[in-house]
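Everything below belongs to upload25.pdb, which stores PDB, C-alpha atoms.
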ATOM      1  CA  MET C   1       4.788  39.143  12.604
ATOM      2  CA  LYS C   2       4.510  35.810  14.361
ATOM      3  CA  ARG C   3       4.319  32.699  12.225
ATOM      4  CA  SER C   4       1.606  30.138  12.800
ATOM      5  CA  SER C   5       2.732  26.870  14.365
ATOM      6  CA  VAL C   6       0.142  24.818  12.510
ATOM      7  CA  LYS C   7       1.722  21.564  11.357
ATOM      8  CA  MET C   8       1.137  20.691   7.735
ATOM      9  CA  SER C   9       0.329  17.053   7.021
ATOM     10  CA  LYS C  10       3.039  15.275   5.137
ATOM     11  CA  SER C  11       1.959  12.432   2.901
ATOM     12  CA  LEU C  12       3.719   9.292   1.789
ATOM     13  CA  VAL C  13       2.561   7.181  -1.138
ATOM     14  CA  ALA C  14       4.072   3.742  -0.529
ATOM     15  CA  TYR C  15       3.293   0.948  -2.936
ATOM     16  CA  PHE C  16       4.118  -2.598  -3.970
ATOM     17  CA  SER C  17       3.641  -3.364  -7.651
ATOM     18  CA  ALA C  18       4.212  -6.861  -9.022
ATOM     19  CA  SER C  19       3.428  -6.059 -12.664
ATOM     20  CA  GLY C  20       3.647  -2.266 -12.905
ATOM     21  CA  VAL C  21      -0.089  -1.549 -12.728
ATOM     22  CA  THR C  22      -0.109  -0.384  -9.095
ATOM     23  CA  LYS C  23       3.013   1.689  -9.784
ATOM     24  CA  LYS C  24       1.143   3.702 -12.431
ATOM     25  CA  VAL C  25      -1.727   4.426 -10.049
ATOM     26  CA  ALA C  26       0.676   5.286  -7.210
ATOM     27  CA  GLU C  27       2.581   7.746  -9.373
ATOM     28  CA  ARG C  28      -0.659   9.399 -10.496
ATOM     29  CA  LEU C  29      -1.893   9.538  -6.880
ATOM     30  CA  ASN C  30       1.376  11.083  -5.750
ATOM     31  CA  GLU C  31       0.951  13.855  -8.324
ATOM     32  CA  VAL C  32      -2.402  14.595  -6.665
ATOM     33  CA  VAL C  33      -1.267  14.502  -3.003
ATOM     34  CA  GLN C  34       2.185  16.021  -3.606
ATOM     35  CA  GLY C  35       3.783  13.602  -1.158
ATOM     36  CA  ASN C  36       6.854  11.426  -1.250
ATOM     37  CA  LEU C  37       6.793   8.250  -3.314
ATOM     38  CA  PHE C  38       8.277   4.992  -2.004
ATOM     39  CA  GLU C  39       8.293   1.638  -3.767
ATOM     40  CA  ILE C  40       8.074  -1.422  -1.512
ATOM     41  CA  VAL C  41      10.553  -3.738  -3.191
ATOM     42  CA  PRO C  42      10.833  -7.388  -2.153
ATOM     43  CA  GLU C  43      14.309  -8.539  -1.215
ATOM     44  CA  GLN C  44      13.756 -11.463  -3.571
ATOM     45  CA  PRO C  45      12.012 -10.163  -6.713
ATOM     46  CA  TYR C  46       8.920 -11.977  -7.943
ATOM     47  CA  THR C  47       9.231 -13.776 -11.266
ATOM     48  CA  SER C  48       6.272 -14.428 -13.550
ATOM     49  CA  ALA C  49       6.333 -18.053 -12.338
ATOM     50  CA  ASP C  50       6.163 -16.776  -8.734
ATOM     51  CA  LEU C  51       3.044 -14.802  -9.619
ATOM     52  CA  ASN C  52       1.190 -17.684 -11.285
ATOM     53  CA  TRP C  53      -1.880 -17.764  -9.072
ATOM     54  CA  THR C  54      -3.186 -20.875 -10.869
ATOM     55  CA  ASN C  55      -0.217 -22.877  -9.584
ATOM     56  CA  PRO C  56      -0.744 -23.779  -5.901
ATOM     57  CA  LYS C  57       3.033 -24.230  -5.536
ATOM     58  CA  SER C  58       3.953 -20.800  -6.907
ATOM     59  CA  ARG C  59       5.604 -18.418  -4.465
ATOM     60  CA  SER C  60       2.615 -16.063  -4.322
ATOM     61  CA  SER C  61       0.190 -18.940  -3.731
ATOM     62  CA  VAL C  62       2.339 -20.366  -0.937
ATOM     63  CA  GLU C  63       2.719 -16.934   0.705
ATOM     64  CA  MET C  64      -0.973 -16.145   0.509
ATOM     65  CA  ASN C  65      -1.970 -19.521   1.936
ATOM     66  CA  ASP C  66       0.099 -18.745   5.043
ATOM     67  CA  LYS C  67      -1.076 -15.330   6.271
ATOM     68  CA  SER C  68       1.775 -15.264   8.812
ATOM     69  CA  PHE C  69       4.403 -15.362   6.049
ATOM     70  CA  ARG C  70       6.364 -12.109   5.777
ATOM     71  CA  PRO C  71       8.430 -11.668   2.607
ATOM     72  CA  ALA C  72      11.504  -9.525   3.289
ATOM     73  CA  VAL C  73      11.528  -5.933   2.059
ATOM     74  CA  LYS C  74      14.695  -4.627   0.410
ATOM     75  CA  GLU C  75      14.716  -1.076   1.843
ATOM     76  CA  LYS C  76      13.226   0.713   4.815
ATOM     77  CA  ILE C  77      12.080   4.323   5.133
ATOM     78  CA  SER C  78      14.460   6.056   7.525
ATOM     79  CA  ASP C  79      12.154   8.972   8.338
ATOM     80  CA  MET C  80       8.695   7.433   8.792
ATOM     81  CA  GLY C  81       8.091   9.782  11.720
ATOM     82  CA  GLU C  82       7.788  12.686   9.275
ATOM     83  CA  TYR C  83       4.596  11.342   7.716
ATOM     84  CA  ASP C  84       1.061  11.817   8.980
ATOM     85  CA  ILE C  85      -0.791  10.177   6.104
ATOM     86  CA  ILE C  86       0.316   7.018   4.329
ATOM     87  CA  TYR C  87      -1.415   6.074   1.101
ATOM     88  CA  LEU C  88      -0.638   2.378   0.803
ATOM     89  CA  GLY C  89      -0.920   0.750  -2.618
ATOM     90  CA  PHE C  90      -0.833  -2.865  -3.730
ATOM     91  CA  PRO C  91      -2.430  -5.360  -6.095
ATOM     92  CA  ILE C  92      -5.233  -7.466  -4.646
ATOM     93  CA  TRP C  93      -4.117 -11.074  -4.197
ATOM     94  CA  TRP C  94      -6.719 -13.598  -3.046
ATOM     95  CA  TYR C  95      -9.088 -10.753  -2.050
ATOM     96  CA  ILE C  96      -6.559  -9.146   0.313
ATOM     97  CA  ALA C  97      -3.238  -7.295   0.250
ATOM     98  CA  PRO C  98      -0.106  -9.361  -0.417
ATOM     99  CA  THR C  99       1.667 -10.280   2.825
ATOM    100  CA  ILE C 100       4.639  -8.082   1.862
ATOM    101  CA  ILE C 101       2.351  -5.173   2.799
ATOM    102  CA  ASN C 102       2.164  -6.563   6.340
ATOM    103  CA  THR C 103       5.977  -6.813   6.351
ATOM    104  CA  PHE C 104       6.225  -3.171   5.341
ATOM    105  CA  LEU C 105       3.764  -1.949   7.990
ATOM    106  CA  GLU C 106       5.234  -4.018  10.827
ATOM    107  CA  GLN C 107       8.652  -2.354  10.444
ATOM    108  CA  TYR C 108       7.417   0.976  11.811
ATOM    109  CA  ASP C 109       5.788   2.701  14.748
ATOM    110  CA  LEU C 110       2.564   3.835  13.097
ATOM    111  CA  ARG C 111       0.872   5.384  16.129
ATOM    112  CA  ASP C 112      -1.198   8.446  15.258
ATOM    113  CA  LYS C 113      -0.765   7.962  11.514
ATOM    114  CA  THR C 114      -3.592   7.639   9.020
ATOM    115  CA  ILE C 115      -3.227   4.748   6.590
ATOM    116  CA  ILE C 116      -5.315   4.874   3.446
ATOM    117  CA  PRO C 117      -5.123   1.711   1.337
ATOM    118  CA  PHE C 118      -5.582   1.739  -2.408
ATOM    119  CA  ALA C 119      -5.414  -1.268  -4.649
ATOM    120  CA  THR C 120      -5.459  -2.440  -8.211
ATOM    121  CA  SER C 121      -7.108  -5.556  -9.509
ATOM    122  CA  GLY C 122      -8.529  -6.922 -12.702
ATOM    123  CA  MET C 123     -11.806  -7.871 -11.050
ATOM    124  CA  SER C 124     -11.537  -8.285  -7.267
ATOM    125  CA  GLY C 125     -12.651  -5.660  -4.801
ATOM    126  CA  MET C 126     -10.914  -4.886  -1.514
ATOM    127  CA  GLY C 127     -12.376  -8.027   0.061
ATOM    128  CA  LYS C 128     -11.140  -8.498   3.642
ATOM    129  CA  THR C 129      -8.033  -6.389   3.138
ATOM    130  CA  ASN C 130      -8.456  -4.246   6.253
ATOM    131  CA  ASP C 131      -9.182  -7.302   8.404
ATOM    132  CA  TYR C 132      -5.738  -8.657   7.508
ATOM    133  CA  LEU C 133      -3.921  -5.301   7.728
ATOM    134  CA  GLU C 134      -5.364  -4.121  11.024
ATOM    135  CA  ASN C 135      -2.969  -6.019  13.312
ATOM    136  CA  SER C 136       0.001  -4.826  11.275
ATOM    137  CA  CYS C 137      -0.671  -1.130  11.868
ATOM    138  CA  LYS C 138      -1.381  -0.875  15.578
ATOM    139  CA  GLY C 139      -2.113   2.629  16.815
ATOM    140  CA  ALA C 140      -2.809   3.933  13.324
ATOM    141  CA  ARG C 141      -6.142   4.985  11.908
ATOM    142  CA  LEU C 142      -6.771   2.495   9.107
ATOM    143  CA  MET C 143      -9.230   3.907   6.605
ATOM    144  CA  LYS C 144     -11.470   1.933   4.275
ATOM    145  CA  GLY C 145      -9.565   1.380   1.058
ATOM    146  CA  GLN C 146     -10.493   1.750  -2.565
ATOM    147  CA  ARG C 147      -9.758  -0.344  -5.643
ATOM    148  CA  PHE C 148      -8.860   1.491  -8.828
ATOM    149  CA  ASP C 149      -8.492   0.524 -12.449
ATOM    150  CA  GLU C 150      -5.113   1.010 -14.079
ATOM    151  CA  ASN C 151      -6.414   3.985 -16.061
ATOM    152  CA  VAL C 152      -7.949   5.913 -13.173
ATOM    153  CA  SER C 153      -7.715   9.642 -13.861
ATOM    154  CA  ALA C 154      -6.031  12.241 -11.685
ATOM    155  CA  ASP C 155      -9.443  13.896 -11.251
ATOM    156  CA  GLU C 156     -10.965  10.655  -9.919
ATOM    157  CA  LEU C 157      -8.044  10.231  -7.528
ATOM    158  CA  SER C 158      -8.350  13.846  -6.406
ATOM    159  CA  ASP C 159     -12.062  13.376  -5.652
ATOM    160  CA  TRP C 160     -11.252  10.232  -3.651
ATOM    161  CA  VAL C 161      -8.488  11.969  -1.659
ATOM    162  CA  LYS C 162     -10.889  14.782  -0.740
ATOM    163  CA  LYS C 163     -13.398  12.218   0.588
ATOM    164  CA  MET C 164     -10.684  10.609   2.731
ATOM    165  CA  LYS C 165      -9.875  13.787   4.634
TER     166      LYS C 165
END
Let me see the structure of the file written as structure tokens.
Amino acid sequence: MKRSSVKMSKSLVAYFSASGVTKKVAERLNEVVQGNLFEIVPEQPYTSADLNWTNPKSRSSVEMNDKSFRPAVKEKISDMGEYDIIYLGFPIWWYIAPTIINTFLEQYDLRDKTIIPFATSGMSGMGKTNDYLENSCKGARLMKGQRFDENVSADELSDWVKKMK
């Protein structure tokens, strides 16, 4: 009996989490998609002072005011070519993804991959996230993202994943 040569999609759930909220959602999402989980860790960790968005001199404020800034990422995925679908998670900062997400994307050849952003935020929606991510994932199919609350259920995530396919 001849085996089918149909290629199964392999998913990656990559995420950056400054406070642990996005990590929880990413882990729950990964249970749904049965992919590989990868944490995007900054080379220089963010302190609570760095994340003080009310201070215009805080690290996050400075980075987000200069959209060309690219914080260094500690580790790189060695086998990005194995993945067809990348679920990309992050907190919303100033109505977009933190620039470390651009750093992550720009390290790889993303041609023919599907990138599906997901975000966490206390109040903000996705804003202009895709506008600022588009140039960082050339050749990929960048899908419209979705913001989730910290307590999103696995069922809600499963419904969302089905809509993305």
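Nearest residue to Ser136 of chain C among C:Val152, C:Glu75, C:Glu82, C:Ser68 is C:Ser68, counting only C-alpha atoms.
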Starting from the point (-4.7, 5.8, -7.0), work out which residues of protein, DNA or RNA have an atom no more than 10 Å away when counting all atoms listed in the file; state them as JSON, numbers by chain.
-> {"C": [13, 22, 23, 24, 25, 26, 27, 28, 29, 30, 31, 32, 87, 88, 89, 117, 118, 119, 120, 146, 147, 148, 149, 150, 151, 152, 153, 154, 156, 157, 158, 160, 161]}
Closest of C:Asn36, C:Arg111, C:Lys144, C:Asn102 to Phe69 of chain C - atom-to-atom distances counting all atoms listed in the file = C:Asn102
The PyMOL selection byres ((chain C and resi 94-96) around 8) on the file shown: which residues, as a ChimeraX atom specification?
-> /C:64,92-93,97-98,124-130,132
Correct to one decimal, the distance atom CA of Lys138 of chain C-atom CA of Arg59 of chain C is 27.5 Å
For Thr103 of chain C, list every protein, DNA or RNA residue within 10 Å, evaluated using all atoms listed in the file, and leave out those in the same chain fewer than 2 positions away; present the list as an MDAnalysis selection string.
-> chainID C and resid 40 42 68:73 98:101 105:108 136
Evaluating the PyMOL selection byres ((chain C and resi 46) around 12) on the displayed file yields which residues, as a list in words?
->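 On this input, the PyMOL selection byres ((chain C and resi 46) around 12) captures Phe16, Ser17, Ala18, Ser19, Val41, Pro42, Glu43, Gln44, Pro45, Thr47, Ser48, Ala49, Asp50, Leu51, Asn52, Ser58, Arg59, Ser60, Ser61, Glu63, Pro71, Ala72, Val73 and Ile100 of chain C.
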Measure the distance from atom CA of Leu37 of chain C to atom CA of Lys163 of chain C in Å and round it to one decimal.
-> 20.9 Å
Report the distance between atom CA of Arg141 of chain C and atom CA of Ser121 of chain C in Å, rounded to one decimal place.
->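 One can read the atom CA of Arg141 of chain C to atom CA of Ser121 of chain C distance as 23.9 Å.
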Residue among C:Glu39, C:Asp66, C:Asp109, C:Asp155 lying closest to Met80 of chain C, counting all atoms listed in the file = C:Asp109
Convert the output of the PyMOL selection byres ((chain C and resi 113) around 8) on the shown file into explicit residues, formatted as a ChimeraX atom specification.
-> /C:83-86,110-112,114-115,139-141
